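Q: Supplied structure: run.cif, mmCIF, C-alpha atoms.
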data_start
#
loop_
_atom_site.label_atom_id
_atom_site.label_comp_id
_atom_site.auth_asym_id
_atom_site.auth_seq_id
_atom_site.Cartn_x
_atom_site.Cartn_y
_atom_site.Cartn_z
CA MET A 842 11.00 21.31 -11.72
CA THR A 843 10.50 17.62 -11.20
CA GLN A 844 14.07 16.98 -12.33
CA ASN A 845 15.48 18.83 -9.34
CA ARG A 846 13.40 17.08 -6.71
CA THR A 847 14.96 14.16 -4.90
CA LEU A 848 13.35 10.74 -5.27
CA GLY A 849 12.18 10.92 -1.65
CA GLU A 850 10.35 14.19 -2.21
CA LEU A 851 8.83 13.12 -5.52
CA TYR A 852 7.72 9.71 -4.29
CA ALA A 853 5.96 11.17 -1.25
CA GLU A 854 4.39 13.90 -3.35
CA VAL A 855 2.92 11.34 -5.78
CA GLN A 856 1.63 9.13 -2.95
CA LEU A 857 -0.04 12.14 -1.32
CA PHE A 858 -1.47 13.28 -4.68
CA TYR A 859 -3.00 9.84 -5.27
CA ALA A 860 -4.37 9.63 -1.71
CA ARG A 861 -6.18 12.95 -2.03
CA GLN A 862 -7.28 12.35 -5.62
CA MET A 863 -8.85 8.98 -4.90
CA GLN A 864 -10.32 9.89 -1.49
CA GLN A 865 -12.15 12.65 -3.37
CA LEU A 866 -13.41 10.25 -6.04
CA ASP A 867 -14.51 7.72 -3.42
CA ALA A 868 -16.39 10.51 -1.62
CA GLY A 869 -18.30 11.19 -4.85
CA LYS A 870 -16.62 14.55 -5.43
CA LEU A 871 -16.49 14.21 -9.19
CA GLU A 872 -15.61 17.84 -9.89
CA ALA A 873 -12.70 17.75 -7.48
CA TYR A 874 -11.52 14.51 -9.10
CA ALA A 875 -11.81 15.96 -12.62
CA ALA A 876 -9.79 18.97 -11.41
CA THR A 877 -6.82 16.67 -10.79
CA PHE A 878 -6.51 16.27 -14.58
CA THR A 879 -5.05 18.86 -16.97
CA GLU A 880 -7.42 20.80 -19.23
CA ASP A 881 -6.31 18.67 -22.22
CA ALA A 882 -6.08 15.34 -20.36
CA GLU A 883 -7.17 11.93 -21.62
CA PHE A 884 -8.68 9.35 -19.26
CA SER A 885 -9.39 5.78 -20.26
CA HIS A 886 -10.91 4.04 -17.26
CA THR A 887 -12.90 1.17 -18.70
CA PRO A 888 -11.88 -1.24 -21.45
CA GLY A 889 -14.12 -0.96 -24.51
CA ARG A 890 -15.30 2.53 -23.53
CA GLU A 891 -14.02 5.53 -25.49
CA PRO A 892 -11.46 7.56 -23.48
CA ALA A 893 -12.75 10.83 -22.05
CA ARG A 894 -10.91 13.92 -23.25
CA THR A 895 -10.49 17.40 -21.71
CA ARG A 896 -11.30 18.18 -18.09
CA ASP A 897 -14.91 19.00 -18.96
CA GLY A 898 -15.21 15.80 -20.96
CA ILE A 899 -13.80 13.78 -18.09
CA LEU A 900 -16.32 15.30 -15.67
CA ALA A 901 -19.23 14.64 -18.04
CA ASP A 902 -18.06 11.07 -18.58
CA LEU A 903 -17.72 10.49 -14.82
CA GLN A 904 -21.17 11.92 -14.15
CA ASP A 905 -22.57 9.56 -16.76
CA PHE A 906 -20.54 6.58 -15.51
CA HIS A 907 -21.48 7.18 -11.87
CA LYS A 908 -25.22 7.03 -12.62
CA ARG A 909 -24.90 3.27 -12.21
CA PHE A 910 -24.02 3.82 -8.56
CA GLU A 911 -26.94 6.14 -7.77
CA ASP A 912 -29.29 3.51 -6.42
CA ASP A 913 -26.51 1.34 -5.03
CA PRO A 914 -25.44 2.12 -1.45
CA MET A 915 -21.96 0.82 -2.24
CA GLN A 916 -18.86 2.51 -0.84
CA ARG A 917 -15.89 2.29 -3.18
CA ARG A 918 -12.26 2.63 -2.07
CA HIS A 919 -9.49 2.80 -4.65
CA TRP A 920 -6.19 1.31 -3.47
CA PHE A 921 -3.02 2.19 -5.40
CA ASN A 922 0.28 0.47 -4.66
CA MET A 923 3.63 -0.69 -6.07
CA ILE A 924 4.17 2.67 -7.73
CA ASP A 925 6.96 2.83 -10.32
CA LEU A 926 7.98 6.40 -11.22
CA GLU A 927 10.06 7.35 -14.24
CA PRO A 928 10.77 11.10 -14.47
CA GLN A 929 11.06 12.15 -18.14
CA PRO A 930 13.41 14.70 -19.72
CA ASP A 931 10.44 17.04 -20.40
CA GLY A 932 9.57 17.18 -16.69
CA SER A 933 6.60 14.83 -16.88
CA ILE A 934 6.51 11.64 -14.82
CA VAL A 935 5.49 8.24 -16.13
CA SER A 936 3.83 6.41 -13.24
CA THR A 937 2.86 2.73 -13.45
CA PHE A 938 1.16 1.07 -10.50
CA TYR A 939 -1.26 -1.58 -9.28
CA ALA A 940 -4.82 -0.76 -8.26
CA LEU A 941 -7.60 -2.63 -6.51
CA ILE A 942 -11.13 -1.39 -5.94
CA VAL A 943 -12.65 -2.32 -2.59
CA LYS A 944 -16.46 -2.24 -2.70
CA THR A 945 -18.54 -2.48 0.47
CA ARG A 946 -22.31 -2.74 0.61
CA PRO A 947 -24.23 -2.47 3.89
CA GLY A 948 -23.99 -5.61 5.99
CA ALA A 949 -21.74 -7.40 3.53
CA ALA A 950 -18.03 -8.17 3.45
CA PRO A 951 -15.98 -6.09 1.01
CA GLU A 952 -15.71 -7.29 -2.57
CA ILE A 953 -12.26 -6.58 -3.96
CA ALA A 954 -12.32 -6.27 -7.74
CA PRO A 955 -11.05 -5.62 -10.28
CA SER A 956 -7.27 -5.81 -10.14
CA CYS A 957 -5.77 -3.23 -12.48
CA VAL A 958 -2.52 -1.79 -13.74
CA VAL A 959 -2.73 1.97 -14.15
CA HIS A 960 -0.54 3.96 -16.53
CA ASP A 961 -0.35 7.67 -15.66
CA VAL A 962 1.50 10.60 -17.13
CA LEU A 963 1.79 13.28 -14.46
CA VAL A 964 2.79 16.88 -15.13
CA ARG A 965 3.36 19.85 -12.88
CA GLN A 966 1.32 23.06 -13.23
CA ASP A 967 1.85 25.98 -10.86
CA GLY A 968 3.81 23.64 -8.63
CA ASP A 969 1.11 21.00 -8.33
CA LEU A 970 0.89 17.56 -9.91
CA LEU A 971 -1.92 16.83 -12.37
CA ASN A 972 -2.79 13.85 -14.55
CA LYS A 973 -2.02 14.54 -18.20
CA SER A 974 -3.33 11.07 -18.94
CA ARG A 975 -4.53 7.92 -17.17
CA THR A 976 -5.11 4.54 -18.76
CA VAL A 977 -6.53 1.72 -16.65
CA GLU A 978 -5.78 -1.82 -17.76
CA TYR A 979 -7.92 -4.57 -16.20
CA ASP A 980 -6.38 -7.91 -15.32
CA SER A 981 -9.59 -9.82 -15.81
CA VAL A 982 -10.44 -8.76 -19.34
CA ARG A 983 -7.25 -9.70 -21.10
CA MET B 239 26.24 4.65 1.81
CA THR B 240 22.85 3.75 3.21
CA GLN B 241 23.83 5.23 6.58
CA ASN B 242 24.06 8.71 5.10
CA ARG B 243 20.72 8.68 3.34
CA THR B 244 17.78 10.27 5.08
CA LEU B 245 14.82 8.08 5.99
CA GLY B 246 12.75 9.83 3.31
CA GLU B 247 15.23 8.99 0.57
CA LEU B 248 15.75 5.42 1.74
CA TYR B 249 12.06 4.66 2.19
CA ALA B 250 11.19 5.93 -1.29
CA GLU B 251 14.12 4.06 -2.80
CA VAL B 252 12.99 0.76 -1.23
CA GLN B 253 9.36 1.29 -2.32
CA LEU B 254 10.51 2.00 -5.89
CA PHE B 255 12.85 -1.01 -5.83
CA TYR B 256 10.01 -3.29 -4.73
CA ALA B 257 7.60 -1.84 -7.30
CA ARG B 258 10.01 -2.50 -10.19
CA GLN B 259 11.15 -5.86 -8.85
CA MET B 260 7.65 -7.24 -8.48
CA GLN B 261 6.21 -5.68 -11.65
CA GLN B 262 8.99 -7.56 -13.47
CA LEU B 263 8.15 -10.84 -11.72
CA ASP B 264 4.44 -10.40 -12.40
CA ALA B 265 5.26 -9.76 -16.07
CA GLY B 266 7.04 -13.13 -16.16
CA LYS B 267 10.50 -11.56 -16.54
CA LEU B 268 12.26 -14.15 -14.42
CA GLU B 269 15.80 -13.17 -15.42
CA ALA B 270 15.16 -9.53 -14.56
CA TYR B 271 13.70 -10.62 -11.22
CA ALA B 272 16.67 -12.89 -10.46
CA ALA B 273 18.97 -9.95 -11.28
CA THR B 274 17.52 -8.05 -8.31
CA PHE B 275 19.30 -10.54 -6.02
CA THR B 276 23.03 -10.56 -5.23
CA GLU B 277 25.19 -13.27 -6.79
CA ASP B 278 25.35 -15.08 -3.42
CA ALA B 279 21.73 -14.47 -2.39
CA GLU B 280 19.37 -16.89 -0.69
CA PHE B 281 15.65 -16.94 -1.51
CA SER B 282 13.12 -18.98 0.41
CA HIS B 283 9.73 -18.37 -1.18
CA THR B 284 7.69 -21.42 -0.28
CA PRO B 285 7.45 -23.21 3.06
CA GLY B 286 8.75 -26.78 2.85
CA ARG B 287 10.76 -26.04 -0.28
CA GLU B 288 14.56 -25.82 -0.04
CA PRO B 289 15.75 -22.19 -0.38
CA ALA B 290 17.31 -21.28 -3.72
CA ARG B 291 20.93 -20.10 -3.53
CA THR B 292 23.02 -17.90 -5.85
CA ARG B 293 21.51 -15.77 -8.60
CA ASP B 294 21.73 -18.64 -11.10
CA GLY B 295 20.15 -21.01 -8.61
CA ILE B 296 17.33 -18.56 -7.96
CA LEU B 297 16.65 -18.24 -11.70
CA ALA B 298 16.64 -22.02 -12.19
CA ASP B 299 14.34 -22.45 -9.20
CA LEU B 300 11.95 -19.77 -10.49
CA GLN B 301 11.88 -21.31 -13.96
CA ASP B 302 11.03 -24.66 -12.38
CA PHE B 303 8.45 -23.14 -10.00
CA HIS B 304 6.76 -21.12 -12.76
CA LYS B 305 6.11 -24.23 -14.89
CA ARG B 306 2.93 -24.64 -12.84
CA PHE B 307 1.66 -21.37 -14.33
CA GLU B 308 2.37 -22.28 -17.96
CA ASP B 309 -1.07 -23.59 -18.81
CA ASP B 310 -2.85 -21.26 -16.42
CA PRO B 311 -3.89 -17.86 -17.85
CA MET B 312 -3.63 -16.34 -14.39
CA GLN B 313 -2.24 -12.85 -13.86
CA ARG B 314 -0.42 -12.49 -10.56
CA ARG B 315 0.17 -9.16 -8.79
CA HIS B 316 2.37 -9.00 -5.72
CA TRP B 317 1.36 -6.29 -3.24
CA PHE B 318 3.89 -5.25 -0.59
CA ASN B 319 2.92 -2.91 2.24
CA MET B 320 3.57 -1.86 5.86
CA ILE B 321 7.32 -1.84 5.24
CA ASP B 322 9.52 -1.66 8.34
CA LEU B 323 13.14 -0.73 7.56
CA GLU B 324 16.05 -1.16 9.97
CA PRO B 325 19.38 0.08 8.56
CA GLN B 326 22.25 -1.98 9.98
CA PRO B 327 25.75 -0.85 10.99
CA ASP B 328 27.25 -2.79 8.04
CA GLY B 329 25.18 -0.77 5.55
CA SER B 330 22.64 -3.51 4.88
CA ILE B 331 18.94 -2.94 5.52
CA VAL B 332 16.64 -5.36 7.28
CA SER B 333 13.20 -4.96 5.70
CA THR B 334 10.09 -6.65 7.12
CA PHE B 335 6.76 -6.18 5.40
CA TYR B 336 3.36 -7.64 4.55
CA ALA B 337 2.57 -9.18 1.17
CA LEU B 338 -0.57 -10.32 -0.59
CA ILE B 339 -0.74 -12.05 -3.95
CA VAL B 340 -3.65 -11.00 -6.15
CA LYS B 341 -4.48 -13.64 -8.76
CA THR B 342 -6.88 -12.96 -11.60
CA ARG B 343 -8.11 -15.51 -14.11
CA PRO B 344 -10.13 -14.48 -17.19
CA GLY B 345 -13.73 -13.66 -16.39
CA ALA B 346 -13.29 -14.22 -12.66
CA ALA B 347 -12.96 -11.94 -9.65
CA PRO B 348 -9.46 -11.70 -8.17
CA GLU B 349 -8.45 -14.28 -5.61
CA ILE B 350 -6.27 -12.70 -2.92
CA ALA B 351 -4.03 -15.28 -1.26
CA PRO B 352 -1.84 -16.00 0.50
CA SER B 353 -1.12 -13.35 3.13
CA CYS B 354 2.60 -13.33 3.93
CA VAL B 355 5.25 -11.63 5.99
CA VAL B 356 8.46 -11.16 4.03
CA HIS B 357 11.89 -10.82 5.64
CA ASP B 358 14.46 -9.18 3.36
CA VAL B 359 18.08 -8.21 3.77
CA LEU B 360 18.90 -5.53 1.21
CA VAL B 361 22.41 -4.42 0.29
CA ARG B 362 23.75 -1.77 -2.01
CA GLN B 363 26.02 -2.62 -4.95
CA ASP B 364 27.26 0.07 -7.34
CA GLY B 365 24.66 2.39 -5.83
CA ASP B 366 21.69 0.10 -6.41
CA LEU B 367 19.70 -1.96 -3.94
CA LEU B 368 19.71 -5.74 -4.26
CA ASN B 369 18.25 -8.57 -2.19
CA LYS B 370 20.95 -10.38 -0.23
CA SER B 371 18.21 -12.64 1.09
CA ARG B 372 14.44 -13.00 1.08
CA THR B 373 12.39 -15.32 3.28
CA VAL B 374 8.64 -15.53 2.78
CA GLU B 375 6.56 -16.63 5.75
CA TYR B 376 2.95 -17.69 4.99
CA ASP B 377 0.16 -16.84 7.41
CA SER B 378 -1.93 -19.83 6.45
CA VAL B 379 0.58 -22.60 7.05
CA ARG B 380 1.51 -21.84 10.62
CA MET C 1267 9.17 20.35 14.64
CA THR C 1268 6.95 18.79 12.05
CA GLN C 1269 6.66 22.11 10.23
CA ASN C 1270 10.33 22.07 9.31
CA ARG C 1271 10.39 18.57 7.92
CA THR C 1272 10.03 18.15 4.18
CA LEU C 1273 7.04 16.21 2.88
CA GLY C 1274 9.36 13.36 1.85
CA GLU C 1275 10.76 12.99 5.36
CA LEU C 1276 7.38 13.28 7.05
CA TYR C 1277 5.61 10.88 4.68
CA ALA C 1278 8.27 8.19 5.13
CA GLU C 1279 8.29 8.71 8.89
CA VAL C 1280 4.52 8.21 9.09
CA GLN C 1281 4.63 5.12 6.87
CA LEU C 1282 7.37 3.62 9.03
CA PHE C 1283 5.51 4.53 12.23
CA TYR C 1284 2.36 2.79 10.96
CA ALA C 1285 4.30 -0.29 9.80
CA ARG C 1286 5.92 -0.77 13.21
CA GLN C 1287 2.76 0.11 15.15
CA MET C 1288 0.57 -2.36 13.31
CA GLN C 1289 3.15 -5.15 13.04
CA GLN C 1290 3.30 -4.96 16.84
CA LEU C 1291 -0.49 -5.13 17.18
CA ASP C 1292 -0.70 -8.03 14.73
CA ALA C 1293 1.98 -9.85 16.75
CA GLY C 1294 -0.25 -9.50 19.83
CA LYS C 1295 2.07 -7.01 21.54
CA LEU C 1296 -0.71 -4.99 23.11
CA GLU C 1297 1.51 -3.02 25.49
CA ALA C 1298 3.82 -1.97 22.68
CA TYR C 1299 0.81 -0.93 20.62
CA ALA C 1300 -0.69 1.08 23.50
CA ALA C 1301 2.69 2.79 23.91
CA THR C 1302 2.29 4.31 20.43
CA PHE C 1303 -0.50 6.49 21.86
CA THR C 1304 -0.01 9.57 24.03
CA GLU C 1305 -0.83 9.33 27.75
CA ASP C 1306 -4.04 11.31 27.16
CA ALA C 1307 -5.00 9.70 23.84
CA GLU C 1308 -8.46 8.68 22.70
CA PHE C 1309 -8.99 5.57 20.57
CA SER C 1310 -12.29 4.66 18.97
CA HIS C 1311 -11.80 1.40 17.11
CA THR C 1312 -15.25 -0.13 16.91
CA PRO C 1313 -18.55 1.57 16.05
CA GLY C 1314 -20.99 1.47 18.95
CA ARG C 1315 -18.23 0.85 21.49
CA GLU C 1316 -17.22 3.65 23.85
CA PRO C 1317 -13.82 5.13 22.89
CA ALA C 1318 -10.90 4.12 25.11
CA ARG C 1319 -9.16 7.02 26.87
CA THR C 1320 -5.61 7.37 28.27
CA ARG C 1321 -2.81 4.96 27.45
CA ASP C 1322 -3.73 2.69 30.37
CA GLY C 1323 -7.38 2.76 29.34
CA ILE C 1324 -6.44 1.86 25.76
CA LEU C 1325 -4.37 -1.09 26.96
CA ALA C 1326 -7.17 -2.34 29.22
CA ASP C 1327 -9.68 -1.96 26.41
CA LEU C 1328 -7.43 -3.84 23.98
CA GLN C 1329 -6.84 -6.66 26.46
CA ASP C 1330 -10.60 -6.96 26.87
CA PHE C 1331 -11.27 -6.71 23.13
CA HIS C 1332 -8.61 -9.28 22.25
CA LYS C 1333 -10.14 -11.94 24.51
CA ARG C 1334 -12.36 -12.80 21.55
CA PHE C 1335 -9.25 -13.91 19.65
CA GLU C 1336 -7.86 -16.14 22.41
CA ASP C 1337 -9.32 -19.41 21.17
CA ASP C 1338 -9.16 -18.42 17.53
CA PRO C 1339 -5.92 -19.30 15.69
CA MET C 1340 -6.47 -16.37 13.35
CA GLN C 1341 -3.57 -14.20 12.18
CA ARG C 1342 -4.59 -10.59 11.61
CA ARG C 1343 -2.68 -8.16 9.37
CA HIS C 1344 -3.65 -4.50 9.28
CA TRP C 1345 -3.04 -2.83 5.91
CA PHE C 1346 -2.96 0.98 5.78
CA ASN C 1347 -2.82 2.84 2.47
CA MET C 1348 -3.73 6.02 0.57
CA ILE C 1349 -2.44 8.18 3.43
CA ASP C 1350 -3.40 11.85 3.32
CA LEU C 1351 -1.33 14.02 5.68
CA GLU C 1352 -2.23 17.56 6.72
CA PRO C 1353 0.34 19.16 9.03
CA GLN C 1354 -1.36 21.62 11.40
CA PRO C 1355 -0.11 24.98 12.70
CA ASP C 1356 0.28 23.50 16.22
CA GLY C 1357 2.72 20.85 14.95
CA SER C 1358 0.23 18.00 15.00
CA ILE C 1359 -0.58 16.04 11.84
CA VAL C 1360 -4.05 15.10 10.70
CA SER C 1361 -3.75 11.75 8.89
CA THR C 1362 -6.64 10.19 6.99
CA PHE C 1363 -6.17 6.84 5.30
CA TYR C 1364 -7.77 3.59 4.17
CA ALA C 1365 -7.40 0.35 6.11
CA LEU C 1366 -8.15 -3.28 5.45
CA ILE C 1367 -7.81 -6.14 7.90
CA VAL C 1368 -6.53 -9.40 6.43
CA LYS C 1369 -7.49 -12.41 8.57
CA THR C 1370 -6.02 -15.84 7.94
CA ARG C 1371 -7.06 -19.03 9.69
CA PRO C 1372 -5.09 -22.29 9.27
CA GLY C 1373 -5.76 -23.98 5.97
CA ALA C 1374 -8.09 -21.25 4.74
CA ALA C 1375 -7.75 -18.39 2.28
CA PRO C 1376 -7.48 -14.93 3.83
CA GLU C 1377 -10.68 -13.10 4.62
CA ILE C 1378 -10.30 -9.37 3.95
CA ALA C 1379 -12.69 -7.32 6.06
CA PRO C 1380 -13.65 -4.77 7.09
CA SER C 1381 -12.74 -1.85 4.88
CA CYS C 1382 -12.22 1.25 7.00
CA VAL C 1383 -11.28 4.90 6.89
CA VAL C 1384 -9.05 5.86 9.79
CA HIS C 1385 -8.77 9.40 11.17
CA ASP C 1386 -5.60 9.98 13.19
CA VAL C 1387 -4.13 12.96 14.94
CA LEU C 1388 -0.39 12.42 15.33
CA VAL C 1389 1.86 14.45 17.59
CA ARG C 1390 5.57 14.42 18.22
CA GLN C 1391 7.01 13.74 21.68
CA ASP C 1392 10.77 13.59 22.27
CA GLY C 1393 11.20 13.42 18.50
CA ASP C 1394 8.91 10.44 17.97
CA LEU C 1395 5.42 10.27 16.50
CA LEU C 1396 2.55 9.15 18.70
CA ASN C 1397 -1.21 8.89 18.19
CA LYS C 1398 -3.04 11.64 20.06
CA SER C 1399 -6.25 10.14 18.73
CA ARG C 1400 -7.49 7.47 16.33
CA THR C 1401 -11.04 7.03 15.09
CA VAL C 1402 -11.89 4.07 12.89
CA GLU C 1403 -14.87 4.42 10.58
CA TYR C 1404 -16.23 1.18 9.06
CA ASP C 1405 -17.52 1.15 5.50
CA SER C 1406 -19.97 -1.65 6.14
CA VAL C 1407 -21.88 -0.18 9.04
CA ARG C 1408 -22.91 3.12 7.54
#
Would you mind writing the structure in this file as structure tokens?
A:
Amino acid sequence: MTQNRTLGELYAEVQLFYARQMQQLDAGKLEAYAATFTEDAEFSHTPGREPARTRDGILADLQDFHKRFEDDPMQRRHWFNMIDLEPQPDGSIVSTFYALIVKTRPGAAPEIAPSCVVHDVLVRQDGDLLNKSRTVEYDSVR
Amino acid sequence: MTQNRTLGELYAEVQLFYARQMQQLDAGKLEAYAATFTEDAEFSHTPGREPARTRDGILADLQDFHKRFEDDPMQRRHWFNMIDLEPQPDGSIVSTFYALIVKTRPGAAPEIAPSCVVHDVLVRQDGDLLNKSRTVEYDSVR
Amino acid sequence: MTQNRTLGELYAEVQLFYARQMQQLDAGKLEAYAATFTEDAEFSHTPGREPARTRDGILADLQDFHKRFEDDPMQRRHWFNMIDLEPQPDGSIVSTFYALIVKTRPGAAPEIAPSCVVHDVLVRQDGDLLNKSRTVEYDSVR
């Protein structure tokens, strides 16, 4: 149960979960990334785009979204920081944090954009954390 | 007592404190930000500007300083990282870390400046961490 | 033993180790930085450059490498984030994380480059963490 973990244990667990989750996405492992969401999850990653729903729907949406990167030798790195965690009475965890995407193309300096605030609801299944939902809010489109 | 906390508990507690403190500042909640300082705190945030003293003085100084942002639709995000903590015999914690300010204006890529080193003294009151002092050192003005 | 530490304790310990290690390097304390490696360590920090070996070799290599900064009033800040830790059966820790170098010259905005993935093997000696190896992979040179 999340409620019985100390803050130190929970905070490290969430940081490690995010590190692995986003290193997988940045390595193009879309199935592994989709598997970090619950079966009934909702993921809203781009303003103006309909949220993806269910793990299969999230994977399909990511495969579609990532087509734009196919001919672009860009390496993306997602940076998450300033993580605020609020454990809920039902055992879920509301997580609100800052994100930057670092994009590097061959021979060029990194481009760092956009700046985002991410709103997650994390739940525990079989002892592991999963995203029940993720909503990405962009600073530059408000 | 800080002395009796493990490093894991203390480190997570400081990261969470900074996340909430700076998310409040970046949301323009100046009173909530000022409330993260002790009543007798000292805050030096800008080289060449007299440090603000006392919680009321810090709030007044912030309200004055933030006037420059009133007509500017810029979203600021404070990123803190590489946090070194040194618990002191008196129960206070010397915290030294890196900071970047991410500034996004509508339709533009984020501007990331300045790069800073921040020197905090944190104390515990009624179980919660507060800033007894904060001194921000800018990399670009040395 | 690393195996007996909780994730919360280990994660905080590694974050603190990196904060102190890199604050020392960014302050130009090359001997203190070299002392965070084991006597038989290997450090590969720049693609195309032969890895430095042994603590003395790492120090000599750093002193040589840092000559390029002697006439350059640039302040470097190493940012590490998204740290994935994998404790190994032999007590060592495989650590894989993202890094950015923030470079500030007087009167200029920070330049943030390159974006890297760092592969560390950490070991414990006399209770303290040390780098047994570090390999820095640059995003922009692939």
Q: Could you list, as JSON, numbers by chain, every residue matched by the PyMOL selection byres ((chain C and resi 1353-1358) around 12) in this structure?
A: {"C": [1267, 1268, 1269, 1270, 1271, 1272, 1273, 1276, 1277, 1280, 1350, 1351, 1352, 1359, 1360, 1361, 1362, 1386, 1387, 1388, 1389, 1390, 1391, 1393, 1394, 1395, 1396, 1397, 1398, 1399]}
Q: Which is closer to Phe318 (chain B) than all the others in B:Thr342, B:Gln259, B:Thr276, B:Ser378, using only C-alpha atoms?
A: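 Residue with the minimum atom-to-atom distance to Phe318 (chain B): B:Gln259.
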Q: The PyMOL selection byres ((chain A and resi 946) around 8) on the file shown: which residues, as a list in words?
A: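 Applying the PyMOL selection byres ((chain A and resi 946) around 8) to the structure shown produces Pro914, Met915, Gln916, Lys944, Thr945, Pro947, Gly948, Ala949, Ala950 and Pro951 of chain A; Asp1405 and Ser1406 of chain C.
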Q: Report the distance between CA of Leu903 (chain A) and CA of Leu871 (chain A) in Å, rounded to one decimal place.
A: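 Spanning CA of Leu903 (chain A) to CA of Leu871 (chain A) is a straight-line distance of 6.9 Å.
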Q: Under the rule that all atoms listed in the file are counted, which of B:Arg372, B:Arg291, B:His316, B:His283 is the nearest residue to chain A?
A: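 Using all atoms listed in the file, the shortest distance to chain A belongs to B:His316.
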Q: For each of B:Ser282, B:Gln253, B:Thr373, B:Gln301, take the minimum atom-to-atom distance to Lys267 (chain B), counting only C-alpha atoms, then give the residue where this is smallest.
A: B:Gln301
Q: Name the residues in contact with Asp302 (chain B) at a cut-off of 12 Å, using all atoms listed in the file, excluding same-chain residues fewer than 6 positions from it; report them as a VMD selection string.
A: chain B and resid 268 290 295 to 296 308
Q: Between A:Met863, A:Val977, A:Ala873, A:Ala954, which one has atoms that come closest to chain B, using all atoms listed in the file?
A: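 Nearest to chain B: A:Ala954.
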Q: When distances are computed from all atoms listed in the file, which of B:Trp317, B:Phe335, B:Phe281, B:Tyr376 shows the smallest separation from chain A?
A: B:Trp317
Q: Interatomic distance between CA of Ala1300 (chain C) and CA of Asp1322 (chain C)?
A: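 Separation between CA of Ala1300 (chain C) and CA of Asp1322 (chain C): 7.7 Å.
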Q: Just how far from CA of Glu247 (chain B) is CA of Glu1279 (chain C), in Å to one decimal?
A: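 So the two atoms, CA of Glu1279 (chain C) and CA of Glu247 (chain B), lie 10.8 Å apart.
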Q: Of the residues A:His960, A:Phe910, A:Leu857, A:Pro955, which is the one nearest to chain B, using all atoms listed in the file?
A: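 Closest to chain B, using all atoms listed in the file: A:Pro955.
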Q: Need the axis-aligned box for region 328-341 of chain B with 5 Å each side, so what are the centre and edges in Å to one decimal, as lines of an AutoDock Vina configuration file?
A:
center_x = 11.4
center_y = -7.2
center_z = -0.4
size_x = 41.7
size_y = 22.9
size_z = 26.8
